[in-house]
Amino acid sequence: MTTTLDEAFSIDHLLTDEERGWRDRARAFATDRIRPVIEQDFEDKHFRRELVAELGALGVLGMHLKDEGCAGAGAVSYGLVCHELEAADSGWRTFVSVQGSLAMSAISKFGSDEQKAEWLPAMARGERIGCFALTEPDGGSDPAAMRTRARRDGDDWVISGSKRWIGLAALADLAVVWAATDDGVRGFVVPTTSPGFAATAIDGKLSMRASVQCDVMLDEVRVPASAMLPDARGLSGPFSCLNEARYGIVWGAMGAARDCLEVSIERATTREVFGRPIGATQLIQEKLANMLVEYEKGLLLALHLGRLKEAGRLTPTQISVGKLNSVREALAIAREARTILGGDGITNAFPVMRHMANLESVRTYEGTDEIHTLVLGRALTGLTAFA
């Protein structure tokens with residue numbers, strides 16, 4: 001008698017009814033709307049924009065925010081939604097992160113009442129798409145060295161520079177642009193229809209193919225003074241938004257890992273070699289057991305961080321622990337799953353290679369392994385080793 005993954009490891013008794021409701025709704029959406037088309041969308045490099053409004057109707061866009069039109073859900077509920085969406089495809093969890101944890105969070109945390117009223121309800125409904133323009137072509141790990149600048153010109157600001165790997169920019173209605181000024185780094189809400197704003201989707205990607213990442217050029221983009229986020233000063237502004245997105249990754253990457261593990265279990269119990277299922281061999285059972293242990297640990301860590309976040313006690317260092325662990329272990333699980341699937345594991349008959357490719361992007365964005373390692377090293381020693 002086989003034991004399902006949910007039976008082998010269940011956290012249901014640790015969740016509230018509301019949290020289980022969010023999870024179940026997100027799982028149903030992923031099952032019904034993403035999974036049937038994702039392999040072809042990945043192959044075709046196609047982002048299904050029509051699903052954005054459906055995600056808005058589901059209530060998951062900016063769901064952790066308490067602004068008008070937002071669900072005001074808890075951190076664990078949001079994490080569980082990220083978990084379910086990334087189990088279908090990292091690109092869709094990425095969309096929810098860019099929209100809610102980055103663009104909407106920036107406006108919610110630092111925007112004026114007018115900016116919040118203009119953008120957040122429509123973004124929560126999926127009627128407007130936002131992007132978060134921080135990373136630049138010369139590197140994303142050192143935003144203090146950004147070259148994009150904004151200068152005052154009468155009552156306006158004029159922004160010039162370039163950004164790279166900006167999720168959704170070619171589809172977005174607004175960009176939260178971070179630029180250096182004489183008063184330090186400031187954020188601006190820039191409509192993408194502004195003259196001088198141009199976003200070009202990056203082609204040739206072997207990862208995140210069902211998602212959109214872009215190069216952005218800002219050529220003397222003029223915005224009124226009211227476009228500035230009034231309460232964001234310095235890099236603490238964008239960093240606080242990045243931590244919101246990193247938190248979602250802690251849960252999301254484990255969703256991709258779960259999908260790979262479930263596929264591996266199914267394959268191990270149905271494929272026969274030498275007259276018996278491959279799952280009847282000790283080597284395959286060891287692989288499955290090790291994968292389960294790392295998945296369990298990762299999900300329990302995510303839940304622990306979620307409870308800390310809800311209590312207002314979650315620190316950036318703790319988020320780095322979660323991001324580093326979840327993505328690293330999810331990749332290891334995906335790679336082990338591929339070996340269990342044999343040659344068929346490299347085909348799109350199974351989701352494993354797609355998850356593996358996507359996770360390589362997740363490993364890089366919102367802080368590379370190296371950056372999070374140095375964050376932890378600094379916390380342990382009190383010494384900075386970034387330079």
# chains A, B, ... in the order shown; residues from 1 in each chain; ligands from 1
>>> residues_around(residues="Gly72 of chain A", least_positions_apart="6", cutoff="9 Å", atoms="only C-alpha atoms", output="JSON, numbers by chain")
{"A": [62, 63, 64, 65, 66]}
>>> write_last_selection(atoms="C-alpha atoms", output="PDB file, in the first residue's frame")
ATOM      1  CA  GLY A  62      -1.477  42.010  -3.184  1.00  0.00           C
ATOM      2  CA  MET A  63      -3.418  39.672  -0.912  1.00  0.00           C
ATOM      3  CA  HIS A  64      -1.172  40.369   2.092  1.00  0.00           C
ATOM      4  CA  LEU A  65      -1.820  44.125   1.928  1.00  0.00           C
ATOM      5  CA  LYS A  66      -4.523  45.871   3.915  1.00  0.00           C
TER       6      LYS A  66
END
>>> residues_around(residues="Asp182 of chain A", least_positions_apart="3", cutoff="12 Å", atoms="only C-alpha atoms", output="tab-separated table (two decimals) with N, CA and C atoms, in the first residue's frame")
chain	number	residue	atom	x	y	z
A	149	ARG	N	19.47	57.89	-13.00
A	149	ARG	CA	19.40	59.11	-12.20
A	149	ARG	C	18.10	59.87	-12.48
A	150	ALA	N	17.65	60.57	-11.47
A	150	ALA	CA	16.50	61.47	-11.61
A	150	ALA	C	16.94	62.86	-11.16
A	151	ARG	N	16.62	63.85	-11.96
A	151	ARG	CA	17.01	65.24	-11.61
A	151	ARG	C	15.77	66.12	-11.63
A	152	ARG	N	15.78	67.13	-10.80
A	152	ARG	CA	14.67	68.07	-10.78
A	152	ARG	C	14.78	69.00	-11.98
A	157	TRP	N	10.29	65.81	-12.38
A	157	TRP	CA	11.50	65.00	-12.31
A	157	TRP	C	11.76	64.42	-13.70
A	179	ALA	N	15.77	55.35	-8.66
A	179	ALA	CA	16.80	56.16	-9.30
A	179	ALA	C	17.59	56.94	-8.26
A	185	VAL	N	18.74	57.58	-3.12
A	185	VAL	CA	17.88	56.76	-3.98
A	185	VAL	C	16.43	57.03	-3.63
A	186	ARG	N	15.63	57.30	-4.67
A	186	ARG	CA	14.20	57.55	-4.49
A	186	ARG	C	13.42	56.69	-5.48
A	233	ARG	N	13.08	56.61	1.14
A	233	ARG	CA	14.35	57.34	1.05
A	233	ARG	C	15.49	56.37	1.25
A	234	GLY	N	16.38	56.31	0.28
A	234	GLY	CA	17.51	55.40	0.37
A	234	GLY	C	17.15	53.98	-0.05
>>> closest_residue(among="A:Phe239, A:Phe47, A:Phe350, A:Phe110", to="Leu168 of chain A", atoms="only C-alpha atoms")
A:Phe47
>>> atom_distance(atom1="atom CA of Leu292 of chain A", atom2="atom CA of Asp17 of chain A")
25.3 Å
>>> atom_distance(atom1="atom CA of Asp32 of chain A", atom2="atom CA of Asp344 of chain A")
24.7 Å
>>> closest_residue(among="A:Ala180, A:His372, A:Ala172, A:Leu341", to="Glu272 of chain A", atoms="only C-alpha atoms")
A:Leu341
>>> residues_around(residues="segment 241-243 of chain A", least_positions_apart="6", cutoff="8 Å", atoms="only C-alpha atoms", output="PDB file with N, CA, C and O atoms, in the first residue's frame")
ATOM      1  N   SER A 101       4.125  41.682  -4.177  1.00  0.00           N
ATOM      2  CA  SER A 101       5.186  41.870  -3.195  1.00  0.00           C
ATOM      3  C   SER A 101       6.148  42.986  -3.555  1.00  0.00           C
ATOM      4  O   SER A 101       6.812  43.539  -2.679  1.00  0.00           O
ATOM      5  N   LEU A 102       6.250  43.314  -4.829  1.00  0.00           N
ATOM      6  CA  LEU A 102       7.169  44.368  -5.248  1.00  0.00           C
ATOM      7  C   LEU A 102       6.425  45.662  -5.588  1.00  0.00           C
ATOM      8  O   LEU A 102       6.469  46.623  -4.835  1.00  0.00           O
ATOM      9  N   SER A 105       3.483  46.478  -3.076  1.00  0.00           N
ATOM     10  CA  SER A 105       4.039  46.733  -1.746  1.00  0.00           C
ATOM     11  C   SER A 105       4.754  48.068  -1.687  1.00  0.00           C
ATOM     12  O   SER A 105       4.678  48.786  -0.677  1.00  0.00           O
ATOM     13  N   ALA A 106       5.464  48.422  -2.751  1.00  0.00           N
ATOM     14  CA  ALA A 106       6.167  49.700  -2.769  1.00  0.00           C
ATOM     15  C   ALA A 106       5.189  50.863  -2.627  1.00  0.00           C
ATOM     16  O   ALA A 106       5.421  51.810  -1.865  1.00  0.00           O
ATOM     17  N   PRO A 316      15.409  40.316   8.149  1.00  0.00           N
ATOM     18  CA  PRO A 316      15.999  40.054   6.831  1.00  0.00           C
ATOM     19  C   PRO A 316      16.949  38.860   6.828  1.00  0.00           C
ATOM     20  O   PRO A 316      17.005  38.105   5.854  1.00  0.00           O
ATOM     21  N   ILE A 319      14.976  35.733   6.549  1.00  0.00           N
ATOM     22  CA  ILE A 319      14.487  35.564   5.179  1.00  0.00           C
ATOM     23  C   ILE A 319      15.595  35.007   4.288  1.00  0.00           C
ATOM     24  O   ILE A 319      15.358  34.157   3.425  1.00  0.00           O
ATOM     25  N   GLU A 366      16.270  38.157  -6.684  1.00  0.00           N
ATOM     26  CA  GLU A 366      16.013  38.495  -5.275  1.00  0.00           C
ATOM     27  C   GLU A 366      17.177  38.078  -4.373  1.00  0.00           C
ATOM     28  O   GLU A 366      16.990  37.722  -3.217  1.00  0.00           O
TER      29      GLU A 366
END
>>> residues_around(residues="Glu84 of chain A", least_positions_apart="4", cutoff="12 Å", atoms="only C-alpha atoms", output="ChimeraX atom specification")
/A:20,22-31,34-35,60,77-80,88-90,92-93,96,248-249,251-259
>>> select_by_dssp(residues="segment 92-228 of chain A", states="strand (DSSP E or B)", output="PyMOL selection string")
chain A and resi 130-133+136+139+149-153+156-167+174-181+184-191+197-201+213-224+228
>>> closest_residue(among="A:Val250, A:Val293, A:Gly275, A:Gly382", to="Leu324 of chain A", atoms="only C-alpha atoms")
A:Val250
>>> atom_distance(atom1="atom CA of Glu127 of chain A", atom2="atom CA of Ala53 of chain A")
6.4 Å
>>> select_by_dssp(residues="segment 40-115 of chain A", states="helix (DSSP H, G or I)", output="ChimeraX atom specification")
/A:40-44,50-58,75-88,90-110,113-115
>>> residues_around(residues="segment 299-307 of chain A", least_positions_apart="3", cutoff="7 Å", atoms="only C-alpha atoms", output="PyMOL selection string")
chain A and resi 75-76+250-251+254+295-296+310-311+314+322
>>> residues_around(residues="Gly196 of chain A", least_positions_apart="2", cutoff="10 Å", atoms="only C-alpha atoms", output="number ranges by chain")
A: 159-160, 192-194, 198, 217-222
>>> closest_residue(among="A:Phe188, A:Tyr247, A:Tyr365, A:Phe95", to="Leu171 of chain A", atoms="only C-alpha atoms")
A:Phe95
>>> closest_residue(among="A:Gly184, A:Ala124, A:Ala337, A:Ala210", to="Asn358 of chain A", atoms="only C-alpha atoms")
A:Ala210
>>> decode(residues="segment 311-327 of chain A", atoms="all heavy atoms", output="PDB file, in the first residue's frame")
ATOM      1  N   ALA A 311       3.833  37.722  13.424  1.00  0.00           N
ATOM      2  CA  ALA A 311       4.058  38.280  14.758  1.00  0.00           C
ATOM      3  C   ALA A 311       4.910  39.547  14.718  1.00  0.00           C
ATOM      4  O   ALA A 311       5.186  40.138  15.765  1.00  0.00           O
ATOM      5  CB  ALA A 311       4.738  37.242  15.644  1.00  0.00           C
ATOM      6  N   GLY A 312       5.322  39.964  13.513  1.00  0.00           N
ATOM      7  CA  GLY A 312       6.157  41.155  13.383  1.00  0.00           C
ATOM      8  C   GLY A 312       7.582  40.949  13.837  1.00  0.00           C
ATOM      9  O   GLY A 312       8.281  41.919  14.159  1.00  0.00           O
ATOM     10  N   ARG A 313       8.062  39.716  13.817  1.00  0.00           N
ATOM     11  CA  ARG A 313       9.390  39.406  14.343  1.00  0.00           C
ATOM     12  C   ARG A 313      10.341  38.876  13.279  1.00  0.00           C
ATOM     13  O   ARG A 313      11.480  38.523  13.584  1.00  0.00           O
ATOM     14  CB  ARG A 313       9.275  38.377  15.469  1.00  0.00           C
ATOM     15  CG  ARG A 313       8.541  38.895  16.696  1.00  0.00           C
ATOM     16  CD  ARG A 313       8.144  37.761  17.627  1.00  0.00           C
ATOM     17  NE  ARG A 313       9.257  36.835  17.865  1.00  0.00           N
ATOM     18  CZ  ARG A 313       9.108  35.555  18.207  1.00  0.00           C
ATOM     19  NH1 ARG A 313       7.873  35.059  18.325  1.00  0.00           N
ATOM     20  NH2 ARG A 313      10.151  34.786  18.415  1.00  0.00           N
ATOM     21  N   LEU A 314       9.914  38.809  12.025  1.00  0.00           N
ATOM     22  CA  LEU A 314      10.759  38.252  10.970  1.00  0.00           C
ATOM     23  C   LEU A 314      11.845  39.242  10.579  1.00  0.00           C
ATOM     24  O   LEU A 314      11.567  40.406  10.293  1.00  0.00           O
ATOM     25  CB  LEU A 314       9.908  37.893   9.756  1.00  0.00           C
ATOM     26  CG  LEU A 314      10.629  37.215   8.582  1.00  0.00           C
ATOM     27  CD1 LEU A 314      11.226  35.871   9.018  1.00  0.00           C
ATOM     28  CD2 LEU A 314       9.663  37.019   7.416  1.00  0.00           C
ATOM     29  N   THR A 315      13.092  38.785  10.533  1.00  0.00           N
ATOM     30  CA  THR A 315      14.223  39.653  10.194  1.00  0.00           C
ATOM     31  C   THR A 315      14.715  39.362   8.784  1.00  0.00           C
ATOM     32  O   THR A 315      14.511  38.256   8.252  1.00  0.00           O
ATOM     33  CB  THR A 315      15.392  39.438  11.172  1.00  0.00           C
ATOM     34  OG1 THR A 315      15.949  38.125  10.953  1.00  0.00           O
ATOM     35  CG2 THR A 315      14.931  39.572  12.621  1.00  0.00           C
ATOM     36  N   PRO A 316      15.409  40.316   8.149  1.00  0.00           N
ATOM     37  CA  PRO A 316      15.999  40.054   6.831  1.00  0.00           C
ATOM     38  C   PRO A 316      16.949  38.860   6.828  1.00  0.00           C
ATOM     39  O   PRO A 316      17.005  38.105   5.854  1.00  0.00           O
ATOM     40  CB  PRO A 316      16.722  41.362   6.512  1.00  0.00           C
ATOM     41  CG  PRO A 316      15.955  42.403   7.258  1.00  0.00           C
ATOM     42  CD  PRO A 316      15.542  41.733   8.540  1.00  0.00           C
ATOM     43  N   THR A 317      17.707  38.678   7.907  1.00  0.00           N
ATOM     44  CA  THR A 317      18.616  37.536   7.981  1.00  0.00           C
ATOM     45  C   THR A 317      17.846  36.222   7.945  1.00  0.00           C
ATOM     46  O   THR A 317      18.242  35.263   7.267  1.00  0.00           O
ATOM     47  CB  THR A 317      19.469  37.611   9.254  1.00  0.00           C
ATOM     48  OG1 THR A 317      20.251  38.804   9.221  1.00  0.00           O
ATOM     49  CG2 THR A 317      20.393  36.407   9.371  1.00  0.00           C
ATOM     50  N   GLN A 318      16.738  36.158   8.650  1.00  0.00           N
ATOM     51  CA  GLN A 318      15.928  34.941   8.634  1.00  0.00           C
ATOM     52  C   GLN A 318      15.355  34.674   7.248  1.00  0.00           C
ATOM     53  O   GLN A 318      15.266  33.515   6.810  1.00  0.00           O
ATOM     54  CB  GLN A 318      14.814  35.058   9.675  1.00  0.00           C
ATOM     55  CG  GLN A 318      15.325  35.042  11.112  1.00  0.00           C
ATOM     56  CD  GLN A 318      14.298  35.519  12.118  1.00  0.00           C
ATOM     57  OE1 GLN A 318      13.343  36.229  11.773  1.00  0.00           O
ATOM     58  NE2 GLN A 318      14.481  35.148  13.381  1.00  0.00           N
ATOM     59  N   ILE A 319      14.976  35.733   6.549  1.00  0.00           N
ATOM     60  CA  ILE A 319      14.487  35.564   5.179  1.00  0.00           C
ATOM     61  C   ILE A 319      15.595  35.007   4.288  1.00  0.00           C
ATOM     62  O   ILE A 319      15.358  34.157   3.425  1.00  0.00           O
ATOM     63  CB  ILE A 319      13.951  36.894   4.630  1.00  0.00           C
ATOM     64  CG1 ILE A 319      12.717  37.341   5.431  1.00  0.00           C
ATOM     65  CG2 ILE A 319      13.590  36.757   3.150  1.00  0.00           C
ATOM     66  CD1 ILE A 319      12.222  38.724   5.066  1.00  0.00           C
ATOM     67  N   SER A 320      16.836  35.473   4.497  1.00  0.00           N
ATOM     68  CA  SER A 320      17.958  34.953   3.724  1.00  0.00           C
ATOM     69  C   SER A 320      18.161  33.470   3.971  1.00  0.00           C
ATOM     70  O   SER A 320      18.475  32.705   3.047  1.00  0.00           O
ATOM     71  CB  SER A 320      19.238  35.727   4.057  1.00  0.00           C
ATOM     72  OG  SER A 320      19.233  37.015   3.470  1.00  0.00           O
ATOM     73  N   VAL A 321      18.007  33.021   5.223  1.00  0.00           N
ATOM     74  CA  VAL A 321      18.084  31.594   5.519  1.00  0.00           C
ATOM     75  C   VAL A 321      17.053  30.839   4.678  1.00  0.00           C
ATOM     76  O   VAL A 321      17.357  29.822   4.043  1.00  0.00           O
ATOM     77  CB  VAL A 321      17.848  31.318   7.019  1.00  0.00           C
ATOM     78  CG1 VAL A 321      17.725  29.815   7.275  1.00  0.00           C
ATOM     79  CG2 VAL A 321      18.969  31.898   7.867  1.00  0.00           C
ATOM     80  N   GLY A 322      15.822  31.329   4.668  1.00  0.00           N
ATOM     81  CA  GLY A 322      14.756  30.642   3.958  1.00  0.00           C
ATOM     82  C   GLY A 322      14.953  30.629   2.460  1.00  0.00           C
ATOM     83  O   GLY A 322      14.778  29.590   1.802  1.00  0.00           O
ATOM     84  N   LYS A 323      15.329  31.770   1.890  1.00  0.00           N
ATOM     85  CA  LYS A 323      15.505  31.848   0.444  1.00  0.00           C
ATOM     86  C   LYS A 323      16.647  30.962  -0.003  1.00  0.00           C
ATOM     87  O   LYS A 323      16.538  30.197  -0.978  1.00  0.00           O
ATOM     88  CB  LYS A 323      15.746  33.294   0.028  1.00  0.00           C
ATOM     89  CG  LYS A 323      15.423  33.598  -1.448  1.00  0.00           C
ATOM     90  CD  LYS A 323      16.568  33.363  -2.384  1.00  0.00           C
ATOM     91  CE  LYS A 323      16.247  33.812  -3.800  1.00  0.00           C
ATOM     92  NZ  LYS A 323      17.334  33.643  -4.753  1.00  0.00           N
ATOM     93  N   LEU A 324      17.765  31.027   0.708  1.00  0.00           N
ATOM     94  CA  LEU A 324      18.923  30.216   0.355  1.00  0.00           C
ATOM     95  C   LEU A 324      18.592  28.733   0.434  1.00  0.00           C
ATOM     96  O   LEU A 324      18.880  27.955  -0.488  1.00  0.00           O
ATOM     97  CB  LEU A 324      20.085  30.556   1.296  1.00  0.00           C
ATOM     98  CG  LEU A 324      21.384  29.770   1.103  1.00  0.00           C
ATOM     99  CD1 LEU A 324      21.991  30.039  -0.262  1.00  0.00           C
ATOM    100  CD2 LEU A 324      22.382  30.129   2.203  1.00  0.00           C
ATOM    101  N   ASN A 325      17.960  28.309   1.510  1.00  0.00           N
ATOM    102  CA  ASN A 325      17.656  26.897   1.697  1.00  0.00           C
ATOM    103  C   ASN A 325      16.617  26.399   0.703  1.00  0.00           C
ATOM    104  O   ASN A 325      16.801  25.349   0.072  1.00  0.00           O
ATOM    105  CB  ASN A 325      17.158  26.650   3.121  1.00  0.00           C
ATOM    106  CG  ASN A 325      16.795  25.195   3.347  1.00  0.00           C
ATOM    107  OD1 ASN A 325      17.651  24.357   3.550  1.00  0.00           O
ATOM    108  ND2 ASN A 325      15.499  24.882   3.277  1.00  0.00           N
ATOM    109  N   SER A 326      15.523  27.121   0.558  1.00  0.00           N
ATOM    110  CA  SER A 326      14.429  26.610  -0.264  1.00  0.00           C
ATOM    111  C   SER A 326      14.839  26.417  -1.712  1.00  0.00           C
ATOM    112  O   SER A 326      14.556  25.369  -2.320  1.00  0.00           O
ATOM    113  CB  SER A 326      13.218  27.545  -0.184  1.00  0.00           C
ATOM    114  OG  SER A 326      12.544  27.399   1.037  1.00  0.00           O
ATOM    115  N   VAL A 327      15.504  27.404  -2.284  1.00  0.00           N
ATOM    116  CA  VAL A 327      15.849  27.289  -3.703  1.00  0.00           C
ATOM    117  C   VAL A 327      16.941  26.246  -3.903  1.00  0.00           C
ATOM    118  O   VAL A 327      16.889  25.432  -4.839  1.00  0.00           O
ATOM    119  CB  VAL A 327      16.274  28.652  -4.270  1.00  0.00           C
ATOM    120  CG1 VAL A 327      16.568  28.527  -5.760  1.00  0.00           C
ATOM    121  CG2 VAL A 327      15.185  29.691  -4.054  1.00  0.00           C
TER     122      VAL A 327
END
